[in-house]
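> File protein32.cif follows (mmCIF, C-alpha atoms):
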```
data_final
loop_
_atom_site.label_atom_id
_atom_site.label_comp_id
_atom_site.auth_asym_id
_atom_site.auth_seq_id
_atom_site.Cartn_x
_atom_site.Cartn_y
_atom_site.Cartn_z
CA SER A 24 31.87 -2.98 0.55
CA GLY A 25 31.46 -1.76 4.13
CA THR A 26 30.27 -2.73 7.60
CA GLN A 27 27.13 -2.49 9.73
CA ASP A 28 28.68 0.28 11.85
CA ASP A 29 30.36 2.32 9.12
CA GLY A 30 27.88 2.01 6.25
CA TRP A 31 28.21 0.62 2.76
CA GLN A 32 29.34 1.59 -0.73
CA ILE A 33 27.53 -0.15 -3.59
CA TYR A 34 29.20 -0.29 -7.00
CA ARG A 35 27.60 -0.76 -10.39
CA ARG A 36 29.86 -1.94 -13.22
CA GLY A 37 32.85 -0.97 -11.13
CA ASP A 38 31.74 2.61 -10.42
CA PRO A 39 30.33 3.96 -7.12
CA TRP A 40 26.55 3.96 -7.41
CA LEU A 41 24.86 4.14 -4.00
CA GLU A 42 26.03 4.93 -0.48
CA LEU A 43 24.20 3.51 2.54
CA GLY A 44 24.62 4.67 6.10
CA PRO A 45 25.08 2.32 9.06
CA GLY A 46 22.52 -0.26 10.17
CA TYR A 47 22.60 -2.76 7.28
CA VAL A 48 23.87 -6.34 7.28
CA PRO A 49 24.39 -8.71 4.33
CA VAL A 50 21.81 -11.49 4.03
CA LYS A 51 22.03 -14.41 1.62
CA THR A 52 18.78 -14.73 -0.33
CA LEU A 53 16.92 -18.00 -0.90
CA TYR A 54 13.62 -17.16 -2.61
CA CYS A 55 11.87 -14.04 -3.89
CA GLY A 56 8.31 -13.85 -5.17
CA ILE A 57 7.17 -11.81 -8.17
CA CYS A 58 4.28 -9.43 -7.48
CA SER A 59 2.35 -6.83 -9.46
CA THR A 60 4.58 -4.05 -8.14
CA ASP A 61 7.61 -5.77 -9.70
CA LEU A 62 5.79 -6.03 -13.02
CA ALA A 63 4.84 -2.33 -12.92
CA ARG A 64 8.18 -1.14 -11.53
CA HIS A 65 9.12 0.79 -14.69
CA LEU A 66 5.97 2.92 -14.22
CA LEU A 67 6.54 3.81 -10.58
CA PRO A 68 7.92 7.22 -9.54
CA PHE A 69 11.32 5.99 -8.30
CA PRO A 70 14.79 6.11 -9.85
CA LEU A 71 16.04 3.46 -12.24
CA PRO A 72 18.06 1.27 -12.62
CA GLN A 73 16.94 -0.90 -9.73
CA ILE A 74 17.43 -4.49 -8.58
CA THR A 75 13.80 -5.36 -7.85
CA GLY A 76 12.15 -7.96 -5.64
CA HIS A 77 10.79 -7.44 -2.13
CA GLU A 78 8.85 -10.63 -1.25
CA LEU A 79 12.06 -12.08 0.08
CA ILE A 80 13.21 -15.00 2.20
CA GLY A 81 16.90 -15.15 3.07
CA GLN A 82 19.31 -16.91 5.38
CA TYR A 83 20.88 -15.06 8.31
CA GLN A 84 22.84 -16.62 11.15
CA ASN A 85 22.01 -20.03 9.62
CA ARG A 86 18.25 -19.49 9.96
CA PRO A 87 15.60 -18.60 7.36
CA VAL A 88 14.42 -15.00 7.68
CA ALA A 89 11.93 -12.60 6.13
CA ILE A 90 12.90 -8.96 5.63
CA GLU A 91 10.58 -5.99 6.02
CA ILE A 92 11.04 -3.63 3.14
CA ASN A 93 11.26 -0.11 4.64
CA ALA A 94 14.80 0.94 5.49
CA SER A 95 13.86 3.67 7.98
CA HIS A 96 15.85 5.03 10.93
CA ALA A 97 13.96 2.63 13.20
CA ALA A 98 14.56 -0.38 10.93
CA ARG A 99 18.28 0.39 10.82
CA GLY A 100 18.51 0.85 14.60
CA ILE A 101 19.37 4.53 14.22
CA GLU A 102 18.06 6.77 16.98
CA ASP A 103 16.65 9.94 15.38
CA ASP A 104 14.39 11.99 17.62
CA ASP A 105 13.97 14.53 14.82
CA CYS A 106 12.07 12.07 12.61
CA ILE A 107 8.40 12.60 13.42
CA TYR A 108 7.39 9.43 11.57
CA CYS A 109 9.77 7.06 13.35
CA ARG A 110 8.91 8.79 16.65
CA ASN A 111 5.16 8.19 16.11
CA GLY A 112 5.41 4.54 15.11
CA LEU A 113 5.00 5.38 11.42
CA ASP A 114 8.50 4.36 10.44
CA SER A 115 7.21 2.75 7.22
CA HIS A 116 6.63 6.36 6.09
CA CYS A 117 9.99 7.73 7.25
CA PRO A 118 10.86 10.38 4.64
CA GLU A 119 14.52 9.31 4.62
CA ARG A 120 13.78 5.63 4.09
CA MET A 121 14.67 3.57 1.06
CA THR A 122 12.50 0.62 0.08
CA LEU A 123 13.92 -2.81 -0.61
CA GLY A 124 13.55 -3.70 -4.27
CA ILE A 125 11.33 -0.69 -5.02
CA ASP A 126 13.10 2.56 -4.20
CA ARG A 127 16.92 2.48 -4.62
CA LEU A 128 17.80 -0.22 -2.06
CA PRO A 129 18.77 -3.31 -4.13
CA GLY A 130 16.21 -6.06 -3.80
CA GLY A 131 15.76 -9.79 -3.67
CA PHE A 132 16.31 -10.89 -7.28
CA SER A 133 19.98 -11.23 -6.38
CA PRO A 134 22.10 -13.72 -4.40
CA TRP A 135 22.61 -11.18 -1.57
CA VAL A 136 20.87 -8.14 -0.13
CA LEU A 137 21.80 -5.52 2.43
CA ALA A 138 19.01 -5.68 5.01
CA PRO A 139 18.15 -3.16 7.76
CA VAL A 140 19.23 -4.94 10.92
CA ARG A 141 15.90 -4.53 12.76
CA ALA A 142 13.86 -5.50 9.68
CA ILE A 143 15.02 -9.12 9.85
CA HIS A 144 12.44 -11.59 11.18
CA TYR A 145 13.15 -15.25 11.84
CA LEU A 146 10.57 -17.57 10.32
CA PRO A 147 8.66 -19.85 12.70
CA GLU A 148 9.78 -23.46 12.41
CA THR A 149 6.30 -24.37 11.21
CA VAL A 150 6.59 -22.09 8.14
CA SER A 151 8.76 -23.32 5.28
CA PRO A 152 11.00 -20.83 3.42
CA LEU A 153 8.87 -21.24 0.31
CA ALA A 154 5.66 -20.49 2.21
CA GLY A 155 7.49 -17.61 3.91
CA VAL A 156 7.70 -15.80 0.57
CA LEU A 157 4.00 -15.04 1.08
CA LEU A 158 4.58 -13.37 4.46
CA GLU A 159 5.17 -9.87 3.04
CA PRO A 160 2.07 -9.76 0.81
CA PHE A 161 -0.03 -11.46 3.51
CA ALA A 162 1.02 -8.75 5.98
CA ALA A 163 -0.08 -6.16 3.40
CA ALA A 164 -3.42 -7.93 3.05
CA LEU A 165 -3.93 -7.93 6.83
CA LYS A 166 -3.14 -4.20 6.91
CA ALA A 167 -5.89 -3.56 4.35
CA VAL A 168 -8.48 -5.52 6.34
CA GLU A 169 -7.60 -3.74 9.58
CA THR A 170 -7.59 -0.33 7.87
CA THR A 171 -11.09 -0.98 6.50
CA PRO A 172 -12.58 -3.48 8.95
CA PRO A 173 -15.78 -5.17 7.75
CA GLN A 174 -18.87 -4.85 9.93
CA ASP A 175 -21.42 -7.49 10.88
CA GLY A 176 -23.91 -8.16 8.12
CA GLU A 177 -21.87 -6.49 5.38
CA GLN A 178 -21.16 -7.77 1.89
CA ILE A 179 -17.42 -7.64 1.16
CA ALA A 180 -15.89 -8.08 -2.31
CA VAL A 181 -12.32 -8.74 -3.38
CA LEU A 182 -11.97 -7.60 -6.98
CA GLY A 183 -9.38 -9.30 -9.14
CA PRO A 184 -8.10 -11.95 -6.70
CA ARG A 185 -4.94 -13.60 -7.94
CA ARG A 186 -1.67 -12.88 -6.15
CA LEU A 187 -2.48 -10.26 -3.50
CA GLY A 188 -6.23 -10.68 -3.87
CA MET A 189 -6.21 -14.34 -2.83
CA LEU A 190 -4.17 -13.41 0.23
CA LEU A 191 -6.74 -10.71 1.00
CA ILE A 192 -9.49 -13.33 0.93
CA ALA A 193 -7.47 -15.41 3.39
CA ALA A 194 -6.87 -12.35 5.59
CA LEU A 195 -10.60 -11.54 5.60
CA GLU A 196 -11.38 -15.12 6.61
CA CYS A 197 -8.81 -14.96 9.44
CA TYR A 198 -10.24 -11.63 10.61
CA ARG A 199 -13.78 -13.02 10.55
CA LYS A 200 -12.78 -16.00 12.68
CA THR A 201 -10.50 -14.27 15.18
CA GLN A 202 -12.81 -11.25 15.66
CA HIS A 203 -16.01 -13.34 15.63
CA LYS A 204 -17.57 -11.21 12.89
CA ASN A 205 -20.38 -12.15 10.55
CA PHE A 206 -19.93 -10.84 7.00
CA GLU A 207 -19.93 -12.43 3.54
CA ILE A 208 -16.82 -12.58 1.33
CA THR A 209 -17.27 -12.56 -2.44
CA ALA A 210 -14.45 -13.04 -4.92
CA VAL A 211 -15.07 -11.22 -8.21
CA VAL A 212 -12.93 -12.89 -10.89
CA ARG A 213 -12.61 -12.98 -14.66
CA HIS A 214 -10.96 -16.40 -14.90
CA THR A 215 -12.99 -19.46 -13.98
CA GLY A 216 -9.83 -21.34 -13.01
CA LEU A 217 -9.49 -19.14 -9.91
CA GLN A 218 -12.92 -19.94 -8.47
CA GLN A 219 -12.00 -23.05 -6.47
CA ILE A 220 -8.87 -21.45 -5.00
CA ALA A 221 -10.92 -18.47 -3.78
CA ILE A 222 -13.38 -20.83 -2.08
CA GLU A 223 -10.56 -22.85 -0.46
CA LEU A 224 -9.04 -19.67 1.00
CA GLY A 225 -12.29 -18.43 2.53
CA ALA A 226 -14.60 -16.86 -0.05
CA ASP A 227 -18.28 -17.66 0.50
CA ARG A 228 -19.11 -17.24 -3.17
CA VAL A 229 -17.46 -16.35 -6.45
CA VAL A 230 -18.79 -14.12 -9.21
CA CYS A 231 -17.12 -14.76 -12.56
CA LEU A 232 -17.62 -11.44 -14.30
CA LYS A 233 -17.85 -11.26 -18.07
CA GLU A 234 -16.59 -8.18 -19.88
CA ASN A 235 -20.09 -7.11 -20.85
CA GLN A 236 -21.87 -7.86 -17.56
CA PRO A 237 -20.76 -5.27 -14.95
CA GLN A 238 -24.40 -4.80 -13.92
CA GLU A 239 -24.14 -8.07 -11.97
CA VAL A 240 -22.06 -6.32 -9.31
CA TYR A 241 -23.38 -2.75 -9.52
CA ARG A 242 -23.70 -1.33 -5.96
CA GLN A 243 -23.81 -4.86 -4.55
CA PHE A 244 -21.10 -4.57 -1.87
CA ASP A 245 -20.50 -2.45 1.20
CA VAL A 246 -16.72 -2.66 0.85
CA VAL A 247 -14.69 -3.48 -2.28
CA PHE A 248 -10.97 -4.27 -2.06
CA ASP A 249 -9.44 -3.53 -5.47
CA THR A 250 -6.42 -5.75 -6.16
CA THR A 251 -6.60 -5.74 -9.97
CA GLY A 252 -3.53 -3.58 -10.56
CA LYS A 253 -5.36 -1.86 -13.42
CA PRO A 254 -7.07 1.53 -13.80
CA GLN A 255 -10.11 -0.20 -15.30
CA GLY A 256 -10.37 -2.40 -12.23
CA PHE A 257 -10.48 0.63 -9.96
CA GLU A 258 -13.20 2.24 -12.07
CA LEU A 259 -15.25 -0.96 -11.76
CA ALA A 260 -14.70 -1.04 -7.98
CA VAL A 261 -16.18 2.46 -7.69
CA THR A 262 -19.41 1.28 -9.33
CA MET A 263 -19.55 -1.84 -7.11
CA ALA A 264 -19.12 -0.27 -3.66
CA ARG A 265 -21.71 1.28 -1.35
CA ARG A 266 -19.50 2.37 1.58
CA VAL A 267 -15.76 2.05 0.86
CA VAL A 268 -13.39 1.29 -1.99
CA HIS A 269 -10.05 0.14 -0.58
CA LEU A 270 -7.29 0.47 -3.15
CA LYS A 271 -4.26 -1.85 -2.90
CA SER A 272 -2.91 -1.49 -6.44
CA THR A 273 0.32 0.37 -7.22
CA HIS A 274 0.27 0.30 -11.00
CA GLY A 275 1.77 3.75 -11.57
CA GLN A 276 -0.93 4.90 -13.98
CA PRO A 277 -3.35 7.86 -13.76
CA VAL A 278 -6.98 7.14 -12.87
CA ALA A 279 -10.03 9.43 -12.97
CA GLY A 280 -7.82 12.44 -13.58
CA LEU A 281 -5.65 11.61 -10.56
CA GLN A 282 -2.08 11.65 -11.84
CA HIS A 283 -0.47 10.20 -8.73
CA MET A 284 -2.75 7.42 -7.57
CA THR A 285 0.25 5.25 -6.70
CA SER A 286 1.60 7.99 -4.41
CA LEU A 287 -1.81 8.09 -2.72
CA VAL A 288 -1.46 4.37 -1.92
CA ILE A 289 2.20 4.56 -0.91
CA ASN A 290 1.37 7.39 1.51
CA GLU A 291 -1.79 5.59 2.73
CA GLN A 292 -3.94 8.67 2.18
CA SER A 293 -7.71 8.69 1.80
CA LEU A 294 -10.40 10.64 -0.08
CA LEU A 295 -13.65 11.51 1.73
CA ALA A 296 -16.46 14.03 1.44
CA TYR A 297 -15.98 17.25 3.39
CA ASN A 298 -18.39 17.42 6.33
CA ALA A 299 -18.14 18.03 10.07
CA GLU A 300 -17.93 14.32 10.97
CA ASN A 301 -15.18 13.48 8.48
CA LEU A 302 -13.23 16.62 9.36
CA SER A 303 -13.35 15.74 13.06
CA MET A 304 -12.15 12.21 12.30
CA ALA A 305 -9.30 13.49 10.12
CA LEU A 306 -8.13 15.97 12.73
CA SER A 307 -8.24 13.34 15.47
CA ASN A 308 -5.57 11.37 13.61
CA SER A 309 -3.00 14.18 13.83
CA LEU A 310 0.56 13.32 14.74
CA ASP A 311 2.62 14.76 17.55
CA TRP A 312 3.79 17.48 15.19
CA PRO A 313 5.88 20.42 16.46
CA GLY A 314 4.14 23.78 16.22
CA LYS A 315 0.69 24.39 14.81
CA ARG A 316 -1.37 21.84 12.93
CA ARG A 317 -1.42 22.83 9.23
CA ILE A 318 -4.61 22.50 7.17
CA TYR A 319 -5.08 23.37 3.52
CA VAL A 320 -8.46 24.90 2.63
CA THR A 321 -9.32 25.48 -1.02
CA PRO A 322 -9.88 29.18 -1.87
CA ALA A 323 -13.20 28.17 -3.43
CA LEU A 324 -14.60 27.39 0.01
CA VAL A 325 -16.39 30.36 1.55
CA ASN A 326 -14.88 31.25 4.91
CA ASP A 327 -18.08 31.02 6.97
CA ARG A 328 -18.58 27.40 5.86
CA PHE A 329 -15.64 26.20 7.92
CA ALA A 330 -15.40 28.92 10.55
CA GLY A 331 -15.45 27.56 14.10
CA ARG A 332 -14.24 24.10 13.12
CA PHE A 333 -10.60 24.85 13.90
CA THR A 334 -8.70 26.19 16.90
CA ASP A 335 -5.84 28.57 17.57
CA GLN A 336 -3.56 25.53 17.24
CA ASP A 337 -4.47 25.23 13.55
CA GLU A 338 -2.72 27.08 10.76
CA ILE A 339 -5.05 27.56 7.77
CA VAL A 340 -3.35 27.81 4.35
CA THR A 341 -5.27 28.71 1.18
CA ASP A 342 -2.45 29.00 -1.39
CA LEU A 343 -0.63 25.90 -2.60
CA ASN A 344 1.80 28.00 -4.64
CA SER A 345 3.03 30.28 -1.86
CA PRO A 346 6.69 30.01 -0.75
CA GLU A 347 5.48 28.89 2.70
CA THR A 348 3.78 25.88 1.10
CA ALA A 349 7.00 24.58 -0.44
CA SER A 350 7.62 20.84 -0.35
CA ASP A 351 9.09 20.89 3.16
CA LEU A 352 8.58 17.80 5.30
CA MET A 353 8.14 19.89 8.43
CA ASN A 354 5.42 21.90 6.69
CA GLN A 355 3.20 19.07 5.50
CA PHE A 356 -0.55 19.41 5.88
CA GLU A 357 -2.45 17.23 8.32
CA VAL A 358 -5.69 17.60 6.34
CA ALA A 359 -6.59 19.17 3.00
CA ILE A 360 -10.03 20.41 1.92
CA VAL A 361 -10.12 20.58 -1.88
CA SER A 362 -12.45 21.56 -4.71
CA ARG A 363 -10.49 20.56 -7.82
CA ILE A 364 -8.61 17.54 -9.14
CA ASP A 365 -5.49 19.60 -9.81
CA GLU A 366 -5.33 20.45 -6.10
CA ILE A 367 -5.31 16.73 -5.27
CA ASN A 368 -2.53 16.14 -7.82
CA GLN A 369 -0.42 18.95 -6.42
CA LEU A 370 -0.96 17.86 -2.82
CA THR A 371 -0.12 14.19 -3.41
CA ARG A 372 3.05 14.73 -5.46
CA PRO A 373 4.06 18.37 -6.09
CA ASN A 374 7.43 17.43 -7.53
CA THR A 375 8.03 14.23 -9.48
CA LEU A 376 11.69 14.29 -8.44
CA GLN A 377 10.80 14.13 -4.74
CA GLY A 378 9.03 11.24 -3.09
CA HIS A 379 6.98 13.10 -0.49
CA SER A 380 3.72 14.98 -0.79
CA LEU A 381 2.38 18.22 0.66
CA LEU A 382 -0.09 16.07 2.62
CA ARG A 383 1.50 13.91 5.30
CA ALA A 384 1.42 10.13 5.16
CA GLY A 385 -1.92 8.87 6.47
CA GLY A 386 -3.48 12.28 5.81
CA VAL A 387 -7.00 12.86 4.56
CA LEU A 388 -8.18 14.71 1.47
CA LEU A 389 -11.70 16.08 1.96
CA LEU A 390 -13.66 16.88 -1.20
CA ASP A 391 -16.05 19.80 -0.85
CA PRO A 392 -19.39 18.60 -2.34
CA VAL A 393 -20.53 22.11 -3.26
CA THR A 394 -17.53 23.20 -5.31
CA PHE A 395 -16.79 19.74 -6.73
CA LYS A 396 -20.17 19.60 -8.46
CA GLY A 397 -18.68 20.41 -11.86
CA CYS A 398 -16.62 17.21 -11.92
CA LYS A 399 -18.50 14.42 -13.70
CA ASP A 400 -16.15 11.50 -13.04
CA GLU A 401 -17.90 8.64 -11.22
CA LEU A 402 -15.38 8.56 -8.38
CA PHE A 403 -15.94 12.18 -7.35
CA VAL A 404 -19.69 12.02 -7.90
CA ARG A 405 -19.91 9.00 -5.61
CA ILE A 406 -17.75 10.61 -2.91
CA CYS A 407 -19.57 13.94 -2.96
CA GLN A 408 -23.14 12.73 -3.43
CA ASP A 409 -23.16 9.26 -1.83
CA GLY A 410 -20.48 9.60 0.83
CA LEU A 411 -18.35 6.86 -0.70
CA GLN A 412 -14.89 6.67 0.89
CA LEU A 413 -11.63 5.83 -0.85
CA GLU A 414 -9.14 4.25 1.53
CA THR A 415 -5.66 2.90 0.82
CA SER A 416 -2.97 0.89 2.55
CA ARG A 417 0.49 -0.34 1.84
CA CYS A 418 2.69 -2.77 3.78
CA GLY A 419 1.82 -4.40 7.08
CA SER A 420 3.51 -5.81 10.16
CA PHE A 421 5.53 -9.00 9.71
CA ALA A 422 5.26 -9.71 13.43
CA HIS A 423 1.46 -9.54 13.22
CA ALA A 424 1.35 -11.72 10.10
CA THR A 425 3.62 -14.27 11.78
CA ASP A 426 1.29 -14.32 14.81
CA ILE A 427 -1.65 -15.07 12.51
CA PHE A 428 0.30 -17.94 10.95
CA ARG A 429 0.82 -19.29 14.49
CA GLN A 430 -2.85 -18.83 15.42
CA CYS A 431 -4.05 -20.57 12.26
CA PRO A 432 -2.08 -23.85 11.97
CA GLY A 433 -1.68 -24.98 8.39
CA LEU A 434 -2.53 -21.55 6.92
CA ALA A 435 0.95 -20.89 5.49
CA GLU A 436 1.10 -24.36 3.92
CA ARG A 437 -2.39 -23.95 2.45
CA LEU A 438 -1.43 -20.61 0.95
CA GLN A 439 1.69 -22.14 -0.56
CA ALA A 440 -0.25 -25.08 -2.03
CA CYS A 441 -2.96 -22.84 -3.50
CA LEU A 442 -0.88 -19.95 -4.78
CA VAL A 443 2.72 -20.91 -5.64
CA THR A 444 2.40 -22.20 -9.20
CA GLN A 445 6.02 -22.06 -10.44
CA ILE A 446 9.59 -21.93 -9.12
CA MET A 447 12.30 -20.73 -11.50
CA GLY A 448 16.00 -19.93 -11.19
CA LEU A 449 17.59 -16.52 -11.06
CA ASP A 450 19.16 -17.15 -14.47
CA GLN A 451 15.59 -17.38 -15.84
CA LEU A 452 14.46 -14.03 -14.43
CA ALA A 453 13.38 -12.47 -17.73
CA GLU A 454 11.32 -15.53 -18.63
CA ALA A 455 9.90 -15.64 -15.09
CA MET A 456 8.73 -12.01 -15.31
CA GLN A 457 7.02 -12.70 -18.61
CA LEU A 458 5.32 -15.82 -17.27
CA ALA A 459 4.23 -14.06 -14.07
CA SER A 460 2.46 -11.39 -16.13
CA SER A 461 0.21 -14.01 -17.74
CA SER A 462 -2.97 -14.50 -15.72
CA ASP A 463 -3.69 -17.76 -17.57
CA LYS A 464 -0.38 -19.42 -16.70
CA SER A 465 0.65 -18.23 -13.24
CA ILE A 466 -0.61 -17.10 -9.86
CA LYS A 467 2.50 -16.69 -7.70
CA LEU A 468 5.80 -17.33 -9.37
CA VAL A 469 8.80 -17.64 -7.03
CA VAL A 470 12.40 -17.13 -8.08
CA GLN A 471 15.00 -19.35 -6.39
CA THR A 472 17.96 -17.02 -5.95
CA ASN A 473 20.61 -19.37 -4.49
#
```
Would you kindly transcribe this structure into structure tokens?


Amino acid sequence: SGTQDDGWQIYRRGDPWLELGPGYVPVKTLYCGICSTDLARHLLPFPLPQITGHELIGQYQNRPVAIEINASHAARGIEDDDCIYCRNGLDSHCPERMTLGIDRLPGGFSPWVLAPVRAIHYLPETVSPLAGVLLEPFAAALKAVETTPPQDGEQIAVLGPRRLGMLLIAALECYRKTQHKNFEITAVVRHTGLQQIAIELGADRVVCLKENQPQEVYRQFDVVFDTTGKPQGFELAVTMARRVVHLKSTHGQPVAGLQHMTSLVINEQSLLAYNAENLSMALSNSLDWPGKRRIYVTPALVNDRFAGRFTDQDEIVTDLNSPETASDLMNQFEVAIVSRIDEINQLTRPNTLQGHSLLRAGGVLLLDPVTFKGCKDELFVRICQDGLQLETSRCGSFAHATDIFRQCPGLAERLQACLVTQIMGLDQLAEAMQLASSSDKSIKLVVQTN
């Protein structure tokens, strides 16, 4: 119960459960797609219970609409000059946001949702509501490509293309055409039935990888986009890539000793080797933060090895356990130079009850090659010795994705024809989730909610 101006009270089994501030309107849902995040929701670091579903198409003012998932100040139409993220155009990382179908805000596997008023996007007339279900994951795929743009002459791999991975292949093909680039796209699959779909969506070739043949792809690609949703897939991606591994999976499980890999992706943070070039790049991405720029430097790093690389505007911190380093959003680090895995874990999620990290969203973790020598895991060896970069991204711009649909006539329909394999009713949700988890029986399963 409530209104857009006064806010809302949500009840669960008759008892007050969640209060929302102003800036939300009720939207009748039509369709909601099942993605890997929905299937891994019980492993993610957000409160339960939760009505899930975020790949949503609804009906608002008698027109079909898509809904962006981050309920930030900006998305709700709330003016908040104190929010550094909304002020800097990073409202998808607003620390006070809720996330539709993922973090508290009830999602699309329901006849109605409460949608942030500025997160509602009317679908173009040329895009059907069913095809529109793919808008949210396609926007996320575009964000990945533009975060890690391929260069001319490079070999690009999409590992584990199925739901998001197939959309990433399509996004790479769109980027190649619109930016007039020349690079090769390879789909690396384990199921032969996916080969033709990958080719139809833009892959130049397909490698069907057997369990015992990883040597076929060892160091074969400049950039690898990992969309497997599995720790083992990420480990394989590290062996495949020469320049960058771009991680899109939010599976909620530890990898390579990193306890909070999902938080790394949600916060769109990256792991690079510590050197002058990477430090300069990381510092150049600083936000318009009040006061001094805060940088964490591991105590294991000898002072004269980074002396002269900072200015009087930088505050250097060497103790993650000091009271001044408490999990305060106004005290987040812009950059962190680390020498141990436990430092990365503490920086990315110091408190499992709080959703923010000591390192700001979009921040960079720089691994010191000298002091990280004792770590034998392949990921850290590759970063420190070979200069491999780990990059991540989360959700993208619906407006941009819609523009691409307009620029590429027939793209949305082709995606729907290739990827939507089943449509089931809301009363079949449990069965739909089980079917969607089977890679042999489903690619994109869509739930019809009304």

> Given the choices A:Phe257, A:Asp29, A:Leu137, A:Val393, which gets closest to Gln408 in chain A if the distance is worked out from all atoms listed in the file?

A:Val393

> On this structure, which residues satisfy the PyMOL selection byres ((chain A and resi 52) around 7), written as an mmCIF file with C-alpha atoms, in the coordinates of the input?


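expr.cif written:
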```cif
data_model
loop_
_atom_site.group_PDB
_atom_site.id
_atom_site.type_symbol
_atom_site.label_atom_id
_atom_site.label_comp_id
_atom_site.auth_asym_id
_atom_site.auth_seq_id
_atom_site.Cartn_x
_atom_site.Cartn_y
_atom_site.Cartn_z
ATOM 1 C CA VAL A 50 21.810 -11.490 4.030
ATOM 2 C CA LYS A 51 22.030 -14.410 1.620
ATOM 3 C CA LEU A 53 16.920 -18.000 -0.900
ATOM 4 C CA TYR A 54 13.620 -17.160 -2.610
ATOM 5 C CA ILE A 80 13.210 -15.000 2.200
ATOM 6 C CA GLY A 81 16.900 -15.150 3.070
ATOM 7 C CA GLN A 82 19.310 -16.910 5.380
ATOM 8 C CA GLY A 131 15.760 -9.790 -3.670
ATOM 9 C CA PRO A 134 22.100 -13.720 -4.400
ATOM 10 C CA TRP A 135 22.610 -11.180 -1.570
ATOM 11 C CA VAL A 136 20.870 -8.140 -0.130
ATOM 12 C CA THR A 472 17.960 -17.020 -5.950
ATOM 13 C CA ASN A 473 20.610 -19.370 -4.490
#
```

> Specify as an MDAnalysis selection string each residue included when the PyMOL selection byres ((chain A and resi 64) around 9) is applied to this file.

chainID A and resid 59:63 65:69 73 75 125 274:275

> Give me, as a ChimeraX atom specification, all polymer residues having an atom no more than 7 Å from Phe244 in chain A, counting all atoms listed in the file and skipping those fewer than 2 positions away in the same chain.

/A:178-180,242,246-247,263-265

> Just the residues within 10 Å of Glu148 in chain A, please, counting all atoms listed in the file, with nothing from its chain fewer than 3 positions along; format it as a PyMOL selection string.

chain A and resi 86-87+145+151-152

> Only C-alpha atoms, please: the residues just picked out, written as an mmCIF file, keeping the file's coordinate frame.


```
data_model
loop_
_atom_site.group_PDB
_atom_site.id
_atom_site.type_symbol
_atom_site.label_atom_id
_atom_site.label_comp_id
_atom_site.auth_asym_id
_atom_site.auth_seq_id
_atom_site.Cartn_x
_atom_site.Cartn_y
_atom_site.Cartn_z
ATOM 1 C CA ARG A 86 18.250 -19.490 9.960
ATOM 2 C CA PRO A 87 15.600 -18.600 7.360
ATOM 3 C CA TYR A 145 13.150 -15.250 11.840
ATOM 4 C CA SER A 151 8.760 -23.320 5.280
ATOM 5 C CA PRO A 152 11.000 -20.830 3.420
#
```

> At what distance in Å, to one decimal, does CA of Ala455 in chain A lie from CA of Pro147 in chain A?

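So the answer is 28.1 Å.
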
> For Ala221 in chain A, which residue out of A:Ala97, A:Ala193, A:Cys407, A:Ala142 is the nearest one, using only C-alpha atoms?

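The closest residue to Ala221 in chain A is A:Ala193.
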
> Under the rule that all atoms listed in the file are counted, which of A:Asp105, A:Asp126, A:Glu223, A:Glu119 is the nearest residue to Met189 in chain A?

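The shortest atom-to-atom distance to Met189 in chain A comes from A:Glu223.
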
> Just say which residues the PyMOL selection byres ((chain A and resi 430) around 12) picks in this file, as a list in words.

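That expression, the PyMOL selection byres ((chain A and resi 430) around 12), corresponds here to Pro147, Thr149, Cys197, Tyr198, Lys200, Thr201, His423, Ala424, Thr425, Asp426, Ile427, Phe428, Arg429, Cys431, Pro432, Gly433, Leu434 and Ala435 of chain A.
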
> Distance cut-off 8 Å, centre (31.4, -2.0, -0.4) in file coordinates, counting all atoms listed in the file: which residues qualify? Return them as a list in words.

Ser24, Gly25, Trp31, Gln32, Ile33 and Tyr34 of chain A

> Between A:Thr273, A:Asn290, A:Ser380, A:Gln243, which one has atoms that come closest to Glu366 in chain A, using all atoms listed in the file?

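Among the listed residues, the smallest separation from Glu366 in chain A belongs to A:Ser380.
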
> Excluding Gly386 in chain A and residues on its chain fewer than 4 positions from it, collect all residues at most 7 Å away from it, counting all atoms listed in the file, and give them as a ChimeraX atom specification.

/A:292-293,357-358,382

> Near Gly76 in chain A, counting only C-alpha atoms, which residues have an atom at most 7 Å away, once you skip same-chain residues fewer than 4 positions from it, shown as a VMD selection string?

chain A and resid 55 57 61 124 130 to 132

> Could those selected residues go to a file with C-alpha atoms, as a PDB file, keeping the file's coordinate frame?


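Just written: out_31.pdb:
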```
ATOM      1  CA  CYS A  55      11.870 -14.040  -3.890  1.00  0.00           C
ATOM      2  CA  ILE A  57       7.170 -11.810  -8.170  1.00  0.00           C
ATOM      3  CA  ASP A  61       7.610  -5.770  -9.700  1.00  0.00           C
ATOM      4  CA  GLY A 124      13.550  -3.700  -4.270  1.00  0.00           C
ATOM      5  CA  GLY A 130      16.210  -6.060  -3.800  1.00  0.00           C
ATOM      6  CA  GLY A 131      15.760  -9.790  -3.670  1.00  0.00           C
ATOM      7  CA  PHE A 132      16.310 -10.890  -7.280  1.00  0.00           C
TER       8      PHE A 132
END
```

> Quick one: residues within 10 Å of range 400-402 of chain A, only C-alpha atoms counted, chain neighbours fewer than 6 positions away excluded, as a PyMOL selection string?

chain A and resi 257-262+268+278-280+294+411-413

> Between CA of Ala167 in chain A and CA of Arg199 in chain A, what distance in Å does the model show, to one decimal?

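Separating CA of Ala167 in chain A from CA of Arg199 in chain A is a distance of 13.8 Å.
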